[in-house]
Structures are given as structure tokens and as C-alpha cells.
Amino acid sequence: MNNSLASFFYPKLPNIIGHRGAYNLAPENTLISFRKAAQLGATWIEIDVRLSSDKIPVVFHDNDVDRTTDGQGPVQSFTLRALQKLDAGSHYHSDFSGEKVPTLLQTITLCIELNLGLNIEIKPNFGQATETVTAILATINPFQEQLRGNVLFSSFNLLCLKNLINLCPEWPRALLVNDLNNDWLTKTKALECYALNPNYKCLSSIEDIKSILNSGLRIIPFTVNQSSIAKNLLGLGVHSIITDDLGSLNLLKNYEI
Ligand code: G3P
Ligand code: MG
């Protein structure tokens with residue numbers, strides 16, 4: 001293990017992490033989705049965080065609000081107040097109408113209440129890598145003691161991970177990748193990462209998995225929705241699986257090789 005990792009708040013990773021909460025059973029990235037994940041027995045969730053126009057970290061996947069709310073336009077053109085007027089539940093089902101876009105602060109508060117660990121994926125709006133990290137850290141750092149061991153940051157955006165090291169190296173970091181063609185080893189070393197979070201489709205070679213494990217990194221693939229694939233990956237030494245299908249995959253939460 002790389003000595004530079006010694007200063008991390010080491011996350012207590014579970015086998016299974018709920019993607020955007022309980023993606024298959026509730027509107028993604030909403031408080032009700034996080035509660036549902038906990039009800040299903042999840043101990044960690046993955047969320048996406050970006051900024052509103054007034055620079056408040058909010059939990060939201062897309063650049064635009066169109067797909068998951070009744071509004072239109074880029075998230076970064078909405079103040080928090082305007083974002084929270086939108087309906088973020090009806091796109092999933094009318095039973096969830098009126099569900100709001102949560103702030104990161106609301107989400108942290110709920111996760112502490114439910115004892116849920118948080119994989120915070122930083123998804124900056126265009127050109128906002130630095131200010132997004134600064135705003136996220138201002139929100140989360142007051143909870144450092146309560147959240148110790150229960151947080152992992154991740155991002156596809158290298159500048160976000162670099163800003164995290166510079167501003168608060170104690171929070172563990174993971175590099176998200178969609179393939180293993182690019183220089184994952186050089187990048188994770190330079191960014192002093194705790195984990196590599198690859199698209200599971202690029203983990204078809206056992207040799208690739210071995211070389212990631214040999215580098216000292218944890219492996220947390222996304223988004224695995226088939227139990228057989230999840231079992232196989234866990235059997236090969238992958239540490240945690242991010243899934244939409246907590247209903248099925250959470251049965252693997254105590255799975256041991
Ligand atoms: O963090 C894993 C996964 O969420 C990355 O892709 O697009 O679902 O945020 P995406
Ligand atoms: Mg994500």
C-alpha cells in the first residue's frame with residue numbers, strides 16, 4: 001500500500017452501494033431515494049453533486065433539469081430557491097410528485113441520521129471544478145468527525161480531485177473511468193487516490209483487475225445490475241459494487257468469498 005494514503009479517513013466500504021440512492025425504486029438523487037436505500041438495507045449510497053447558480057452544492061446528475069424535473073434549462077442557471085420549486089419526483093412516478101432537489105447539506109444531515117455512508121461524485125458544471133470543490137468542502141468539513149469513515153469522493157474530473165488534495169487531503173478520493181486505456185495508474189498515483197471506480201464493462205480481463213489490485217487501489221465498479229456479474233467481480237477481489245438494483249444485489253451485502 002502506498003504510504004501517501006496513510007493520512008486518509010479510511011472509508012468502511014460495504015460490498016454494495018446504492019447508485020443515486022435506490023435508483024430502480026425511487027426518483028434518483030432525492031431524499032426519498034436515500035431513505036428507500038436505507039430501508040432496503042444499504043449502508044452506503046452514491047450521489048452526484050454540482051452547484052446551483054448561487055453556488056450551493058445540490059444533488060443532481062444531469063447538466064440540465066429537463067430529464068428529471070418539470071423544469072427546463074441548465075442547473076447552473078437556477079438559484080437554489082428556484083431549483084427547489086421544481087418537481088423532482090413525477091418523472092419517476094406520480095406517487096413521488098412534489099419530491100424536491102436536495103442540497104448536499106440536507107443529504108449529509110439525512111445520512112448522519114440514517115448512518116448511511118456517502119460516495120460523493122463531484123460533477124462540476126462547465127468551468128466550475130474549483131468553486132464546486134470549495135463549496136462542497138465548506139459544506140462537509142464541519143461534519144468531519146461524524147462522517148469519518150463514511151465518505152468517499154469520486155470524479156471523472158481530474159481538476160476536482162486535484163483541488164480536493166490541495167484543500168483537504170484527508171478525504172479519500174477515487175478516480176472514475178470509463179475505460180482502462182488511459183493512464184489510470186499514473187493519474188491515481190498523482191492524485192493519491194484510494195480507489196479506482198471503473199465502468200464495470202472495462203473489467204472483463206482478470207489481468208486488469210489484478211494489476212489494479214496490485215497497485216494498492218480499491219476497485220469500485222459502476223453500475224452493475226446483475227447479481228451474477230456482481231458475484232463474479234466480488235469473487236475476483238473487487239471491493240464494492242455500485243448498483244441501481246438494491247432490491248436484488250443487496251442480498252450480496254454479506255457475501256464473502
Ligand atoms: O459514480 C458512479 C457513476 O455514478 C458514474 O456515472 O453518470 O451514473 O454518474 P454516472
Ligand atoms: Mg454518479
# chains A, B, ... in the order shown; residues from 1 in each chain; ligands from 1
$ closest_atom_pairs --of "chain A" --to "ligand 1" --cutoff "8 Å" --atoms "only C-alpha atoms and all ligand atoms" --output "tab-separated table"
residue	atom	partner	partner_atom_place_in_ligand_line	distance
A:His19	CA	ligand 1	4 (O)	6.2
A:Arg20	CA	ligand 1	4 (O)	7.0
A:Glu46	CA	ligand 1	1 (O)	6.3
A:Ile47	CA	ligand 1	4 (O)	7.1
A:Asp48	CA	ligand 1	9 (O)	6.2
A:His61	CA	ligand 1	9 (O)	6.2
A:Asn119	CA	ligand 1	1 (O)	7.5
A:Ile120	CA	ligand 1	1 (O)	7.9
A:Glu121	CA	ligand 1	1 (O)	5.6
A:Lys123	CA	ligand 1	9 (O)	7.8
A:Ser154	CA	ligand 1	1 (O)	6.8
A:Ser155	CA	ligand 1	1 (O)	7.4
A:Leu176	CA	ligand 1	1 (O)	6.8
A:Asn197	CA	ligand 1	2 (C)	7.0
A:Pro198	CA	ligand 1	2 (C)	8.0
A:Asn199	CA	ligand 1	5 (C)	7.6
A:Pro221	CA	ligand 1	2 (C)	7.5
A:Phe222	CA	ligand 1	2 (C)	5.1
A:Thr223	CA	ligand 1	3 (C)	6.5
A:Ile242	CA	ligand 1	2 (C)	6.8
$ residues_around --residues "Phe78 of chain A" --least-positions-apart "5" --cutoff "6 Å" --atoms "only C-alpha atoms" --output "ChimeraX atom specification"
/A:52-53,83
$ write_last_selection --atoms "N, CA, C and O atoms" --output "tab-separated table (two decimals), in the first residue's frame"
chain	number	residue	atom	x	y	z
A	52	SER	N	-25.74	25.10	-7.76
A	52	SER	CA	-26.81	25.97	-8.27
A	52	SER	C	-26.18	27.30	-8.70
A	52	SER	O	-24.99	27.54	-8.45
A	53	SER	N	-26.99	28.20	-9.29
A	53	SER	CA	-26.39	29.48	-9.76
A	53	SER	C	-25.90	30.33	-8.59
A	53	SER	O	-24.98	31.14	-8.76
A	83	LEU	N	-34.56	26.03	-7.94
A	83	LEU	CA	-34.41	24.57	-8.13
A	83	LEU	C	-35.36	23.81	-7.22
A	83	LEU	O	-35.95	22.80	-7.62
$ closest_residue --among "A:Leu175, A:Leu233, A:Leu86, A:Ile112" --to "Thr43 of chain A" --atoms "only C-alpha atoms"
A:Ile112
$ residues_around --residues "Lys12 of chain A" --least-positions-apart "5" --cutoff "10 Å" --atoms "only C-alpha atoms" --output "list in words"
Thr43, Trp44, Gly117, Arg148, Gly149, Asn150, Val151 and Leu152 of chain A
$ write_last_selection --atoms "all heavy atoms" --output "short mmCIF file (atom, residue, chain, number, x, y, z; two decimals), in the first residue's frame"
data_model
loop_
_atom_site.label_atom_id
_atom_site.label_comp_id
_atom_site.auth_asym_id
_atom_site.auth_seq_id
_atom_site.Cartn_x
_atom_site.Cartn_y
_atom_site.Cartn_z
N THR A 43 -25.94 0.31 3.21
CA THR A 43 -25.22 1.08 4.21
C THR A 43 -24.46 2.26 3.60
O THR A 43 -23.95 3.11 4.31
CB THR A 43 -24.23 0.19 5.00
OG1 THR A 43 -23.37 -0.45 4.05
CG2 THR A 43 -24.98 -0.87 5.81
N TRP A 44 -24.41 2.28 2.25
CA TRP A 44 -23.79 3.40 1.52
C TRP A 44 -24.62 3.72 0.28
O TRP A 44 -25.21 2.81 -0.32
CB TRP A 44 -22.37 3.03 1.04
CG TRP A 44 -21.28 3.24 2.03
CD1 TRP A 44 -21.15 2.65 3.26
CD2 TRP A 44 -20.12 4.09 1.87
NE1 TRP A 44 -20.00 3.07 3.86
CE2 TRP A 44 -19.34 3.94 3.03
CE3 TRP A 44 -19.67 4.94 0.84
CZ2 TRP A 44 -18.13 4.63 3.21
CZ3 TRP A 44 -18.47 5.61 1.02
CH2 TRP A 44 -17.72 5.46 2.20
N GLY A 117 -23.31 5.70 4.60
CA GLY A 117 -22.08 6.22 4.04
C GLY A 117 -22.36 6.87 2.69
O GLY A 117 -23.34 6.53 2.01
N ARG A 148 -16.45 10.63 9.51
CA ARG A 148 -15.17 9.93 9.33
C ARG A 148 -15.41 8.44 9.04
O ARG A 148 -16.17 7.78 9.76
CB ARG A 148 -14.36 10.08 10.61
CG ARG A 148 -12.96 9.54 10.53
CD ARG A 148 -12.32 9.63 11.90
NE ARG A 148 -12.01 11.01 12.23
CZ ARG A 148 -10.76 11.48 12.34
NH1 ARG A 148 -9.74 10.69 12.13
NH2 ARG A 148 -10.55 12.74 12.66
N GLY A 149 -14.83 7.93 7.98
CA GLY A 149 -15.02 6.51 7.62
C GLY A 149 -16.26 6.28 6.78
O GLY A 149 -16.51 5.16 6.33
N ASN A 150 -17.06 7.31 6.61
CA ASN A 150 -18.33 7.15 5.89
C ASN A 150 -18.41 8.01 4.63
O ASN A 150 -19.52 8.29 4.16
CB ASN A 150 -19.50 7.49 6.81
CG ASN A 150 -20.14 6.22 7.36
OD1 ASN A 150 -19.96 5.13 6.82
ND2 ASN A 150 -20.89 6.36 8.45
N VAL A 151 -17.26 8.45 4.13
CA VAL A 151 -17.28 9.29 2.91
C VAL A 151 -16.17 8.84 1.96
O VAL A 151 -15.06 8.52 2.38
CB VAL A 151 -17.05 10.79 3.27
CG1 VAL A 151 -16.79 11.61 2.02
CG2 VAL A 151 -18.25 11.35 4.02
N LEU A 152 -16.52 8.81 0.68
CA LEU A 152 -15.52 8.66 -0.38
C LEU A 152 -15.91 9.64 -1.48
O LEU A 152 -17.06 9.63 -1.94
CB LEU A 152 -15.54 7.23 -0.94
CG LEU A 152 -14.65 7.00 -2.17
CD1 LEU A 152 -13.17 7.14 -1.82
CD2 LEU A 152 -14.90 5.60 -2.77
#
$ residues_around --residues "Leu159 of chain A" --least-positions-apart "4" --cutoff "9 Å" --atoms "only C-alpha atoms" --output "list in words"
Ala129, Thr130, Asn163 and Leu164 of chain A
$ write_last_selection --atoms "all heavy atoms" --output "mmCIF file, in the first residue's frame"
data_model
loop_
_atom_site.group_PDB
_atom_site.id
_atom_site.type_symbol
_atom_site.label_atom_id
_atom_site.label_comp_id
_atom_site.auth_asym_id
_atom_site.auth_seq_id
_atom_site.Cartn_x
_atom_site.Cartn_y
_atom_site.Cartn_z
ATOM 1 N N ALA A 129 -14.924 23.551 -11.755
ATOM 2 C CA ALA A 129 -14.290 22.497 -10.938
ATOM 3 C C ALA A 129 -13.817 23.038 -9.592
ATOM 4 O O ALA A 129 -14.080 22.447 -8.539
ATOM 5 C CB ALA A 129 -13.124 21.877 -11.703
ATOM 6 N N THR A 130 -13.146 24.163 -9.621
ATOM 7 C CA THR A 130 -12.553 24.656 -8.372
ATOM 8 C C THR A 130 -13.617 25.160 -7.405
ATOM 9 O O THR A 130 -13.641 24.794 -6.230
ATOM 10 C CB THR A 130 -11.525 25.766 -8.694
ATOM 11 O OG1 THR A 130 -10.523 25.173 -9.527
ATOM 12 C CG2 THR A 130 -10.877 26.307 -7.439
ATOM 13 N N ASN A 163 -7.969 19.545 -6.718
ATOM 14 C CA ASN A 163 -8.391 20.554 -5.740
ATOM 15 C C ASN A 163 -8.677 19.913 -4.381
ATOM 16 O O ASN A 163 -8.402 20.512 -3.341
ATOM 17 C CB ASN A 163 -9.650 21.274 -6.231
ATOM 18 C CG ASN A 163 -9.313 22.301 -7.294
ATOM 19 O OD1 ASN A 163 -8.336 23.013 -7.181
ATOM 20 N ND2 ASN A 163 -10.110 22.356 -8.342
ATOM 21 N N LEU A 164 -9.228 18.714 -4.413
ATOM 22 C CA LEU A 164 -9.500 18.018 -3.144
ATOM 23 C C LEU A 164 -8.208 17.766 -2.375
ATOM 24 O O LEU A 164 -8.143 17.971 -1.167
ATOM 25 C CB LEU A 164 -10.173 16.671 -3.414
ATOM 26 C CG LEU A 164 -11.693 16.624 -3.448
ATOM 27 C CD1 LEU A 164 -12.139 15.209 -3.785
ATOM 28 C CD2 LEU A 164 -12.306 17.074 -2.126
#
$ select_by_dssp --residues "segment 69-164 of chain A" --states "strand (DSSP E)" --output "list in words"
Gly117, Leu118, Asn119, Ile120, Glu121, Ile122, Val151, Leu152, Phe153, Ser154 and Ser155 of chain A
$ select_by_dssp --residues "segment 59-251 of chain A" --states "helix (DSSP H, G or I)" --output "short mmCIF file (atom, residue, chain, number, x, y, z; two decimals) with N, CA and C atoms, in the first residue's frame"
data_model
loop_
_atom_site.label_atom_id
_atom_site.label_comp_id
_atom_site.auth_asym_id
_atom_site.auth_seq_id
_atom_site.Cartn_x
_atom_site.Cartn_y
_atom_site.Cartn_z
N VAL A 75 -28.81 23.41 -14.87
CA VAL A 75 -28.88 23.53 -13.41
C VAL A 75 -28.22 24.84 -12.97
N GLN A 76 -27.10 25.18 -13.64
CA GLN A 76 -26.35 26.36 -13.20
C GLN A 76 -27.06 27.68 -13.50
N SER A 77 -28.24 27.62 -14.15
CA SER A 77 -29.00 28.86 -14.34
C SER A 77 -30.10 29.01 -13.28
N LEU A 80 -30.85 28.17 -5.89
CA LEU A 80 -31.32 27.04 -5.07
C LEU A 80 -32.83 27.13 -4.87
N ARG A 81 -33.29 28.35 -4.59
CA ARG A 81 -34.73 28.55 -4.34
C ARG A 81 -35.56 28.10 -5.56
N ALA A 82 -35.09 28.48 -6.75
CA ALA A 82 -35.81 28.10 -7.97
C ALA A 82 -35.72 26.60 -8.21
N LEU A 83 -34.56 26.03 -7.94
CA LEU A 83 -34.41 24.57 -8.13
C LEU A 83 -35.36 23.81 -7.22
N SER A 94 -45.98 9.28 -10.45
CA SER A 94 -46.81 10.32 -9.83
C SER A 94 -46.88 10.17 -8.30
N ASP A 95 -46.63 8.97 -7.78
CA ASP A 95 -46.61 8.78 -6.32
C ASP A 95 -45.55 9.66 -5.65
N PHE A 96 -44.54 10.06 -6.43
CA PHE A 96 -43.43 10.82 -5.86
C PHE A 96 -43.51 12.30 -6.22
N LEU A 104 -26.71 19.31 -0.77
CA LEU A 104 -25.75 18.39 -0.15
C LEU A 104 -25.92 18.42 1.36
N LEU A 105 -26.17 19.60 1.91
CA LEU A 105 -26.32 19.71 3.36
C LEU A 105 -27.50 18.87 3.87
N GLN A 106 -28.64 18.97 3.19
CA GLN A 106 -29.80 18.15 3.59
C GLN A 106 -29.46 16.66 3.51
N THR A 107 -28.69 16.31 2.49
CA THR A 107 -28.33 14.90 2.28
C THR A 107 -27.38 14.42 3.37
N ILE A 108 -26.42 15.25 3.71
CA ILE A 108 -25.48 14.87 4.78
C ILE A 108 -26.24 14.68 6.09
N THR A 109 -27.14 15.60 6.38
CA THR A 109 -27.91 15.51 7.62
C THR A 109 -28.71 14.21 7.67
N LEU A 110 -29.34 13.87 6.55
CA LEU A 110 -30.13 12.62 6.50
C LEU A 110 -29.21 11.40 6.63
N CYS A 111 -28.07 11.45 5.97
CA CYS A 111 -27.15 10.29 6.02
C CYS A 111 -26.61 10.08 7.43
N ILE A 112 -26.38 11.16 8.14
CA ILE A 112 -25.93 11.01 9.54
C ILE A 112 -27.07 10.37 10.35
N GLU A 113 -28.29 10.86 10.13
CA GLU A 113 -29.46 10.29 10.85
C GLU A 113 -29.61 8.79 10.56
N LEU A 114 -29.42 8.42 9.31
CA LEU A 114 -29.65 7.02 8.90
C LEU A 114 -28.38 6.16 8.96
N ALA A 129 -14.92 23.55 -11.76
CA ALA A 129 -14.29 22.50 -10.94
C ALA A 129 -13.82 23.04 -9.59
N THR A 130 -13.15 24.16 -9.62
CA THR A 130 -12.55 24.66 -8.37
C THR A 130 -13.62 25.16 -7.40
N GLU A 131 -14.54 25.96 -7.91
CA GLU A 131 -15.54 26.51 -6.98
C GLU A 131 -16.49 25.43 -6.46
N THR A 132 -16.69 24.36 -7.26
CA THR A 132 -17.55 23.27 -6.79
C THR A 132 -16.89 22.56 -5.60
N VAL A 133 -15.61 22.27 -5.74
CA VAL A 133 -14.91 21.59 -4.65
C VAL A 133 -14.88 22.48 -3.40
N THR A 134 -14.60 23.75 -3.60
CA THR A 134 -14.55 24.67 -2.45
C THR A 134 -15.89 24.70 -1.72
N ALA A 135 -16.97 24.78 -2.48
CA ALA A 135 -18.30 24.85 -1.85
C ALA A 135 -18.67 23.53 -1.18
N ILE A 136 -18.29 22.42 -1.80
CA ILE A 136 -18.59 21.11 -1.19
C ILE A 136 -17.84 20.97 0.13
N LEU A 137 -16.56 21.34 0.12
CA LEU A 137 -15.78 21.19 1.36
C LEU A 137 -16.30 22.11 2.46
N ALA A 138 -16.74 23.32 2.08
CA ALA A 138 -17.29 24.22 3.10
C ALA A 138 -18.54 23.60 3.73
N THR A 139 -19.25 22.80 2.95
CA THR A 139 -20.48 22.17 3.46
C THR A 139 -20.16 20.95 4.32
N ILE A 140 -19.21 20.15 3.87
CA ILE A 140 -19.00 18.85 4.54
C ILE A 140 -17.98 18.91 5.69
N ASN A 141 -17.02 19.81 5.60
CA ASN A 141 -15.95 19.77 6.61
C ASN A 141 -16.42 19.96 8.06
N PRO A 142 -17.47 20.76 8.31
CA PRO A 142 -17.94 20.83 9.70
C PRO A 142 -18.42 19.48 10.25
N PHE A 143 -18.66 18.51 9.38
CA PHE A 143 -19.16 17.19 9.82
C PHE A 143 -18.05 16.13 9.81
N GLN A 144 -16.80 16.58 9.74
CA GLN A 144 -15.70 15.62 9.58
C GLN A 144 -15.71 14.52 10.62
N GLU A 145 -15.94 14.88 11.87
CA GLU A 145 -15.89 13.85 12.91
C GLU A 145 -17.03 12.85 12.75
N GLN A 146 -18.26 13.37 12.50
CA GLN A 146 -19.42 12.47 12.36
C GLN A 146 -19.33 11.58 11.13
N LEU A 147 -18.67 12.09 10.09
CA LEU A 147 -18.66 11.36 8.81
C LEU A 147 -17.39 10.54 8.58
N LEU A 158 -10.34 15.51 -13.35
CA LEU A 158 -9.05 15.46 -12.67
C LEU A 158 -8.80 16.70 -11.82
N LEU A 159 -9.28 17.84 -12.32
CA LEU A 159 -9.06 19.09 -11.58
C LEU A 159 -9.80 19.06 -10.24
N CYS A 160 -10.98 18.46 -10.22
CA CYS A 160 -11.72 18.34 -8.95
C CYS A 160 -10.91 17.53 -7.94
N LEU A 161 -10.33 16.41 -8.40
CA LEU A 161 -9.58 15.56 -7.48
C LEU A 161 -8.31 16.30 -7.03
N LYS A 162 -7.72 17.05 -7.92
CA LYS A 162 -6.52 17.82 -7.57
C LYS A 162 -6.85 18.89 -6.52
N ASN A 163 -7.97 19.55 -6.72
CA ASN A 163 -8.39 20.55 -5.74
C ASN A 163 -8.68 19.91 -4.38
N LEU A 164 -9.23 18.71 -4.41
CA LEU A 164 -9.50 18.02 -3.14
C LEU A 164 -8.21 17.77 -2.38
N ILE A 165 -7.19 17.29 -3.08
CA ILE A 165 -5.91 17.03 -2.38
C ILE A 165 -5.37 18.33 -1.79
N ASN A 166 -5.42 19.38 -2.60
CA ASN A 166 -4.82 20.64 -2.14
C ASN A 166 -5.57 21.22 -0.95
N LEU A 167 -6.90 21.07 -0.96
CA LEU A 167 -7.69 21.76 0.06
C LEU A 167 -7.99 20.89 1.28
N TRP A 184 -4.63 5.21 -16.11
CA TRP A 184 -5.25 5.20 -14.77
C TRP A 184 -4.22 5.12 -13.66
N LEU A 185 -3.10 4.42 -13.92
CA LEU A 185 -2.12 4.23 -12.85
C LEU A 185 -1.38 5.54 -12.55
N THR A 186 -0.93 6.19 -13.60
CA THR A 186 -0.23 7.47 -13.40
C THR A 186 -1.16 8.49 -12.75
N LYS A 187 -2.40 8.50 -13.22
CA LYS A 187 -3.34 9.51 -12.69
C LYS A 187 -3.68 9.23 -11.23
N THR A 188 -3.97 7.97 -10.90
CA THR A 188 -4.35 7.68 -9.50
C THR A 188 -3.17 7.91 -8.56
N LYS A 189 -1.96 7.68 -9.06
CA LYS A 189 -0.77 7.95 -8.21
C LYS A 189 -0.64 9.46 -7.99
N ALA A 190 -0.72 10.21 -9.09
CA ALA A 190 -0.54 11.66 -8.98
C ALA A 190 -1.62 12.28 -8.09
N TYR A 200 -17.92 -1.03 -15.06
CA TYR A 200 -17.64 -2.47 -14.90
C TYR A 200 -17.36 -3.14 -16.25
N LYS A 201 -17.83 -2.50 -17.34
CA LYS A 201 -17.64 -3.12 -18.66
C LYS A 201 -16.17 -3.17 -19.06
N CYS A 202 -15.34 -2.37 -18.43
CA CYS A 202 -13.92 -2.43 -18.78
C CYS A 202 -13.13 -3.35 -17.85
N ILE A 206 -9.24 -10.52 -16.21
CA ILE A 206 -8.78 -10.78 -14.84
C ILE A 206 -7.41 -10.13 -14.62
N GLU A 207 -6.62 -10.08 -15.67
CA GLU A 207 -5.29 -9.46 -15.55
C GLU A 207 -5.42 -7.97 -15.20
N ASP A 208 -6.39 -7.31 -15.82
CA ASP A 208 -6.60 -5.89 -15.50
C ASP A 208 -6.96 -5.72 -14.02
N ILE A 209 -7.87 -6.58 -13.55
CA ILE A 209 -8.29 -6.48 -12.14
C ILE A 209 -7.08 -6.71 -11.24
N LYS A 210 -6.28 -7.71 -11.59
CA LYS A 210 -5.08 -8.00 -10.77
C LYS A 210 -4.13 -6.81 -10.74
N SER A 211 -3.95 -6.19 -11.92
CA SER A 211 -2.96 -5.10 -11.92
C SER A 211 -3.48 -3.89 -11.13
N ILE A 212 -4.78 -3.69 -11.13
CA ILE A 212 -5.31 -2.57 -10.30
C ILE A 212 -5.11 -2.91 -8.82
N LEU A 213 -5.45 -4.16 -8.46
CA LEU A 213 -5.31 -4.57 -7.05
C LEU A 213 -3.84 -4.50 -6.62
N ASN A 214 -2.94 -4.93 -7.52
CA ASN A 214 -1.51 -4.91 -7.18
C ASN A 214 -0.98 -3.50 -6.98
N SER A 227 -26.83 -9.80 -10.58
CA SER A 227 -26.22 -10.48 -9.43
C SER A 227 -25.03 -11.35 -9.83
N SER A 228 -25.18 -12.05 -10.97
CA SER A 228 -24.10 -12.98 -11.36
C SER A 228 -22.81 -12.21 -11.64
N ILE A 229 -22.94 -11.05 -12.28
CA ILE A 229 -21.75 -10.24 -12.58
C ILE A 229 -21.15 -9.69 -11.28
N ALA A 230 -22.04 -9.23 -10.40
CA ALA A 230 -21.57 -8.68 -9.12
C ALA A 230 -20.82 -9.73 -8.32
N LYS A 231 -21.39 -10.94 -8.25
CA LYS A 231 -20.76 -12.03 -7.50
C LYS A 231 -19.38 -12.36 -8.08
N ASN A 232 -19.34 -12.42 -9.40
CA ASN A 232 -18.08 -12.73 -10.08
C ASN A 232 -17.02 -11.68 -9.74
N LEU A 233 -17.42 -10.39 -9.82
CA LEU A 233 -16.46 -9.32 -9.54
C LEU A 233 -16.00 -9.35 -8.07
N LEU A 234 -16.94 -9.57 -7.16
CA LEU A 234 -16.56 -9.65 -5.75
C LEU A 234 -15.61 -10.82 -5.52
N GLY A 235 -15.89 -11.93 -6.23
CA GLY A 235 -15.04 -13.12 -6.14
C GLY A 235 -13.63 -12.86 -6.65
N LEU A 246 -30.78 -2.28 -5.86
CA LEU A 246 -30.54 -2.67 -4.47
C LEU A 246 -31.44 -3.82 -4.05
N GLY A 247 -32.65 -3.86 -4.64
CA GLY A 247 -33.59 -4.92 -4.28
C GLY A 247 -32.97 -6.29 -4.46
N SER A 248 -32.23 -6.51 -5.55
CA SER A 248 -31.61 -7.81 -5.80
C SER A 248 -30.20 -7.89 -5.23
N LEU A 249 -29.39 -6.86 -5.52
CA LEU A 249 -27.97 -7.01 -5.19
C LEU A 249 -27.66 -6.87 -3.71
N ASN A 250 -28.58 -6.26 -2.96
CA ASN A 250 -28.27 -6.12 -1.55
C ASN A 250 -28.22 -7.47 -0.84
N LEU A 251 -28.75 -8.50 -1.52
CA LEU A 251 -28.62 -9.86 -0.96
C LEU A 251 -27.14 -10.24 -0.86
#
$ atom_distance --atom1 "atom CA of Asp244 of chain A" --atom2 "atom CA of Asn225 of chain A"
6.1 Å
$ atom_distance --atom1 "atom CA of Ser240 of chain A" --atom2 "atom CA of Phe34 of chain A"
18.0 Å
$ residues_around --residues "Gly98 of chain A" --least-positions-apart "3" --cutoff "10 Å" --atoms "only C-alpha atoms" --output "list in words"
Thr69, Gln84, Lys85, Leu86, Asp87, Ala88, Gly89, Ser90, Ser94, Asp95 and Val101 of chain A
$ write_last_selection --atoms "N, CA, C and O atoms" --output "compact mmCIF listing (two decimals), in the first residue's frame"
# COMPACT_ATOMS: atom_id res chain seq x y z
N THR A 69 -36.90 16.67 -13.87
CA THR A 69 -37.81 17.60 -13.19
C THR A 69 -38.83 18.14 -14.20
O THR A 69 -38.76 17.84 -15.39
N GLN A 84 -35.49 24.32 -5.98
CA GLN A 84 -36.31 23.58 -5.02
C GLN A 84 -37.81 23.83 -5.21
O GLN A 84 -38.62 23.25 -4.51
N LYS A 85 -38.15 24.66 -6.19
CA LYS A 85 -39.57 24.79 -6.57
C LYS A 85 -39.94 23.72 -7.59
O LYS A 85 -41.13 23.51 -7.88
N LEU A 86 -38.92 23.08 -8.19
CA LEU A 86 -39.21 22.08 -9.23
C LEU A 86 -39.68 20.77 -8.61
O LEU A 86 -39.37 20.46 -7.45
N ASP A 87 -40.42 20.01 -9.41
CA ASP A 87 -40.87 18.68 -9.00
C ASP A 87 -39.84 17.66 -9.52
O ASP A 87 -39.71 17.47 -10.73
N ALA A 88 -39.12 17.04 -8.59
CA ALA A 88 -38.07 16.10 -9.00
C ALA A 88 -38.50 14.65 -8.79
O ALA A 88 -37.67 13.75 -8.82
N GLY A 89 -39.84 14.45 -8.60
CA GLY A 89 -40.31 13.09 -8.34
C GLY A 89 -41.22 12.52 -9.41
O GLY A 89 -41.20 11.32 -9.69
N SER A 90 -42.01 13.42 -10.07
CA SER A 90 -43.04 12.92 -11.01
C SER A 90 -42.47 12.23 -12.24
O SER A 90 -43.13 11.38 -12.83
N SER A 94 -45.98 9.28 -10.45
CA SER A 94 -46.81 10.32 -9.83
C SER A 94 -46.88 10.17 -8.30
O SER A 94 -47.13 11.14 -7.59
N ASP A 95 -46.63 8.97 -7.78
CA ASP A 95 -46.61 8.78 -6.32
C ASP A 95 -45.55 9.66 -5.65
O ASP A 95 -45.61 9.90 -4.45
N VAL A 101 -35.38 18.69 -5.22
CA VAL A 101 -33.94 18.52 -5.43
C VAL A 101 -33.26 18.80 -4.08
O VAL A 101 -33.41 19.90 -3.54
$ closest_residue --among "A:Arg50, A:His91, A:Arg173, A:Arg67" --to "ligand 2" --atoms "only C-alpha atoms and all ligand atoms"
A:Arg50
$ atom_distance --atom1 "atom CA of Asp245 of chain A" --atom2 "atom CA of Asp179 of chain A"
22.7 Å
$ closest_residue --among "A:Ser215, A:Gln226, A:Asn157, A:Thr30" --to "Gly127 of chain A" --atoms "only C-alpha atoms"
A:Asn157
$ closest_residue --among "A:Val238, A:Thr243, A:Thr79, A:Pro14" --to "ligand 2" --atoms "only C-alpha atoms and all ligand atoms"
A:Thr243
$ closest_residue --among "A:Pro11, A:Gly21, A:Pro169, A:Gly216" --to "Leu191 of chain A" --atoms "only C-alpha atoms"
A:Pro169
